[in-house]
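Colleague: First, the structure itself, so that you have it in front of you.
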Amino acid sequence: MMIGIDLGTTNSLVAYLNNGKAEIIPNVLGKRSTPSVVGLSDDNEIIVGEAARQRISTHPDKTVAAFKRYIGTDREVKLGKQAYRAEELSALVLKSLKADAESALGGTITEAVISVPAYFNDAQRKATKAAGELAGLKVARLINEPTAAAIAYGLHKNLDESTFMVFDLGGGTFDISILELFDDVMQVHACAGDNQLGGEDFTKLLLQYFLEQHGLTFKKLKAIQQAIALRLAENTKISLSSGVDALMRFELKGKEYETTITQIQYEKIVEPLMARLREPMVKALRDAEMNASDLDSVVMVGGACRMPMIRKSVSRMLSKLPHSTIDYDQTVALGAAVQAGMIVADETLKEIVLTDVMPYSLGVGINNPNSREEGDFLFSPILERNSAVPVSRADPYYPISEKQTKVDLGIYQGESRYAKDNVKIGLISMPVTPGPTDSNRLDVRFTFDLNGILEVEVQKDKLTKRLVIEGNPGVLTKQEIDASFKKLANLKVHPREKIENITILNRAIRLYEQNIGDNREYLGELISHFESVLLTQDQVKISDVRANIEERLDELDDDPLGV
Ligand code: AMP
């Protein structure tokens, strides 16, 4: 049996083909998706999924999320004493999905199809494959997410619908892909998107509106109140996907703030975000040299597409009703499972990916005026991710002080605000004559060609310095993969059969921190009671009490999604 996996930034899913029909495999908690979050428990055991996610706000230094954004780079994050690369953390998520599939289907699973964004570069693809290997899975194929979505709708069998757009609006990113199918080949013609636009931005804008109405400022709220306010906005947003209005009520220092938001008001509030959906669609069509009328169909993916206005707006812009019968969150995993089934049956679909877009941003490190630490630079992008290649652009930079005799420019690749969180790929030094800083203007030009080679040129007056950077810093060698494999094998992982207990306990602890007064006291009692029952090791009793506590927590937690 080969499984299909959607290894997502926020959530991951696993599916398989059951008698010709793709089905999602629920995890050990009975949920269809597993948060892509890894943490370290208080006993120094690795925890993965919901149990880890519940600790994001209570144990931020022992929890990591969204590491898919760094896959294919050398960035490491620390969990306790150990540092991990993104492929190692991804491997832990994949291991957990593999275990879920094995327990649901019986037997050992050794092969998988894993989905990746169509714009992933070679290093990111190799790293995703390495993550699979580290999890004990042979990656039979990496499938592009939009291709998987198209396959989930059976578009690969439908010769009348050969050109289509995949519209993917997730929690934090927006991706548009234009695909064409001919003779068993799925070609990705163009990708465009906005990696700063997603469902979370809708939540934030709604919250900002509500707070402004009441003269409150988000930044002035304590971290715990910010978390509660964000949760309130998230719930309101979700209610507005099915109702005409929703009540927002927020308590602060004994005072209650209330506003009813109607669907019409909400649409007005998020208008600036809706307006940003248009440009990537236009850009992708332009890059593919197509008009909207050339598209045979449109597929919608991503949780934020549940907002009815998104579907309406896409239909209007493209004059086409999008395919949206499959659950938006499950489409990619189901498509990956169909692809896995096709490989087993020996009929696969070939893919051609168009990669003439910048897979990541490139720039230089600059002085951080808010930091006193030496070398704590900010990242100043010169070429931004998703620009069409070949591309060349120059920006001016100046020395920080009048006494400087040279400027050292670190060259970085990545998307993080802080230079140290990106991958350093080079350094170029330029001599300057001490004197007023604005008389020492350096023009820094970055040129990125079709072969993925970056040329950096720094010019000052008549002096020019050049540096050519080739190669792939983010790819692990065979030896490094073997070493990682041993490292992961030696980790103490929280026992699978006890994960339900720790998930409930972590949720209760999060709620304890977020509540005050009677509720907090009551939660404290629930936690103590559950801890004492856990000590008895009586599994029947533990499971009874756990079910009971879960019901109590549901009553107190207006956010079943957690965090
Ligand atoms: P994904 O990354 O595809 O799982 O999408 C997650 C995003 O979808 C988050 O921003 C959620 O708030 C959003 N989302 C999930 N369900 C709904 C809903 N019913 N209405 C509006 N947004 C939703």
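A note on labels: chains of the structure tokens are A, B, ... as shown, every chain counts residues from 1, and ligands are counted from 1 in their shown order.
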Applying 9 Å and only C-alpha atoms, which residues near Val244 of chain A remain after dropping the ones on its own chain fewer than 5 positions away? List them as a PyMOL selection string.
Modeller: chain A and resi 239+261-264
Colleague: Would you output that residue set with N, CA and C atoms, as a short mmCIF file (atom, residue, chain, number, x, y, z; two decimals), in the first residue's frame?
Modeller:
```
data_model
loop_
_atom_site.label_atom_id
_atom_site.label_comp_id
_atom_site.auth_asym_id
_atom_site.auth_seq_id
_atom_site.Cartn_x
_atom_site.Cartn_y
_atom_site.Cartn_z
N SER A 239 -17.88 31.98 11.68
CA SER A 239 -19.35 32.08 11.76
C SER A 239 -19.89 32.83 10.55
N ILE A 261 -21.33 42.08 13.78
CA ILE A 261 -20.80 42.33 12.43
C ILE A 261 -21.70 41.62 11.42
N THR A 262 -22.16 42.36 10.45
CA THR A 262 -22.97 41.71 9.42
C THR A 262 -22.05 41.27 8.28
N GLN A 263 -22.57 40.35 7.51
CA GLN A 263 -21.82 39.85 6.35
C GLN A 263 -21.40 41.01 5.44
N ILE A 264 -22.34 41.96 5.25
CA ILE A 264 -22.05 43.09 4.36
C ILE A 264 -20.92 43.96 4.92
#
```
Colleague: Neighbours of ligand 1 at 8 Å or closer, counting only C-alpha atoms and all ligand atoms: which residues, as JSON, numbers by chain?
Modeller: {"A": [8, 9, 10, 11, 168, 169, 170, 171, 172, 173, 198, 199, 200, 201, 202, 203, 234, 237, 238, 239, 240, 241, 242, 301, 302, 303, 304, 305, 306, 307, 328, 329]}
Colleague: Using backbone DSSP assignments, extract all strand (DSSP E) residues from segment 233-326 of chain A; output them as a list in words.
Modeller: Asp245, Ala246, Leu247, Met248, Arg249, Phe250, Glu251, Leu252, Lys255, Glu256, Tyr257, Glu258, Thr259, Thr260, Ile261, Thr262, Ser297, Val298, Val299, Met300 and Val301 of chain A
Colleague: With N, CA and C atoms retained, export the selected residues as an mmCIF file, in the first residue's frame.
Modeller:
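Once written, result-v9.cif looks like this:
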```
data_model
loop_
_atom_site.group_PDB
_atom_site.id
_atom_site.type_symbol
_atom_site.label_atom_id
_atom_site.label_comp_id
_atom_site.auth_asym_id
_atom_site.auth_seq_id
_atom_site.Cartn_x
_atom_site.Cartn_y
_atom_site.Cartn_z
ATOM 1 N N ASP A 245 -24.833 37.317 10.173
ATOM 2 C CA ASP A 245 -24.096 38.211 11.073
ATOM 3 C C ASP A 245 -23.516 37.407 12.238
ATOM 4 N N ALA A 246 -22.647 38.046 13.015
ATOM 5 C CA ALA A 246 -22.042 37.374 14.164
ATOM 6 C C ALA A 246 -21.730 38.413 15.227
ATOM 7 N N LEU A 247 -21.882 37.989 16.472
ATOM 8 C CA LEU A 247 -21.638 38.914 17.585
ATOM 9 C C LEU A 247 -20.203 38.749 18.081
ATOM 10 N N MET A 248 -19.506 39.885 18.203
ATOM 11 C CA MET A 248 -18.160 39.829 18.779
ATOM 12 C C MET A 248 -18.249 40.426 20.172
ATOM 13 N N ARG A 249 -17.800 39.673 21.178
ATOM 14 C CA ARG A 249 -17.834 40.190 22.547
ATOM 15 C C ARG A 249 -16.470 39.949 23.199
ATOM 16 N N PHE A 250 -15.915 41.023 23.760
ATOM 17 C CA PHE A 250 -14.570 40.947 24.319
ATOM 18 C C PHE A 250 -14.572 41.602 25.692
ATOM 19 N N GLU A 251 -13.963 40.918 26.649
ATOM 20 C CA GLU A 251 -13.939 41.456 28.010
ATOM 21 C C GLU A 251 -12.543 41.920 28.352
ATOM 22 N N LEU A 252 -12.444 43.125 28.894
ATOM 23 C CA LEU A 252 -11.122 43.630 29.265
ATOM 24 C C LEU A 252 -11.254 44.425 30.555
ATOM 25 N N LYS A 255 -14.603 45.239 31.800
ATOM 26 C CA LYS A 255 -15.517 45.953 30.913
ATOM 27 C C LYS A 255 -15.817 45.086 29.674
ATOM 28 N N GLU A 256 -17.076 45.156 29.194
ATOM 29 C CA GLU A 256 -17.432 44.340 28.027
ATOM 30 C C GLU A 256 -17.519 45.192 26.776
ATOM 31 N N TYR A 257 -16.961 44.728 25.708
ATOM 32 C CA TYR A 257 -17.041 45.435 24.425
ATOM 33 C C TYR A 257 -17.775 44.517 23.447
ATOM 34 N N GLU A 258 -18.782 45.063 22.774
ATOM 35 C CA GLU A 258 -19.606 44.217 21.887
ATOM 36 C C GLU A 258 -19.867 44.891 20.554
ATOM 37 N N THR A 259 -19.824 44.125 19.500
ATOM 38 C CA THR A 259 -20.246 44.634 18.188
ATOM 39 C C THR A 259 -20.830 43.467 17.394
ATOM 40 N N THR A 260 -21.944 43.726 16.718
ATOM 41 C CA THR A 260 -22.455 42.710 15.803
ATOM 42 C C THR A 260 -21.956 43.064 14.412
ATOM 43 N N ILE A 261 -21.335 42.083 13.776
ATOM 44 C CA ILE A 261 -20.796 42.328 12.430
ATOM 45 C C ILE A 261 -21.695 41.619 11.420
ATOM 46 N N THR A 262 -22.163 42.357 10.451
ATOM 47 C CA THR A 262 -22.970 41.709 9.419
ATOM 48 C C THR A 262 -22.048 41.270 8.279
ATOM 49 N N SER A 297 -11.518 25.139 -16.611
ATOM 50 C CA SER A 297 -12.111 25.088 -15.275
ATOM 51 C C SER A 297 -11.193 25.668 -14.208
ATOM 52 N N VAL A 298 -11.767 25.823 -13.024
ATOM 53 C CA VAL A 298 -11.045 26.398 -11.894
ATOM 54 C C VAL A 298 -11.258 25.486 -10.691
ATOM 55 N N VAL A 299 -10.168 25.209 -9.969
ATOM 56 C CA VAL A 299 -10.263 24.357 -8.788
ATOM 57 C C VAL A 299 -9.906 25.211 -7.574
ATOM 58 N N MET A 300 -10.710 25.104 -6.500
ATOM 59 C CA MET A 300 -10.402 25.896 -5.306
ATOM 60 C C MET A 300 -9.893 25.004 -4.184
ATOM 61 N N VAL A 301 -8.816 25.441 -3.552
ATOM 62 C CA VAL A 301 -8.166 24.692 -2.479
ATOM 63 C C VAL A 301 -7.856 25.653 -1.327
#
```
Colleague: Using only C-alpha atoms, which of A:Gln225, A:Asn370, A:Thr331, A:Ser429 sits nearest Pro399 of chain A?
Modeller: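 Selected residue with least distance to Pro399 of chain A: A:Ser429.
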Colleague: Under the rule that only C-alpha atoms are counted, which of A:Val493, A:Ile24, A:Leu94, A:Val188 is the nearest residue to Asn44 of chain A?
Modeller: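 Comparing A:Val493, A:Ile24, A:Leu94, A:Val188 against Asn44 of chain A, the winner is A:Val493.
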Colleague: Which of segment 214-304 of chain A counts as helix (DSSP H, G or I) under DSSP, as a ChimeraX atom specification please?
Modeller: /A:218-220,223-240,263-269,271-275,278-287,292-294,303-304
Colleague: Could you name the residues that touch segment 435-450 of chain A at 6 Å or less, counting only C-alpha atoms, but leaving out those on the same chain fewer than 6 positions away, as a ChimeraX atom specification?
Modeller: /A:390-399,402,456-460
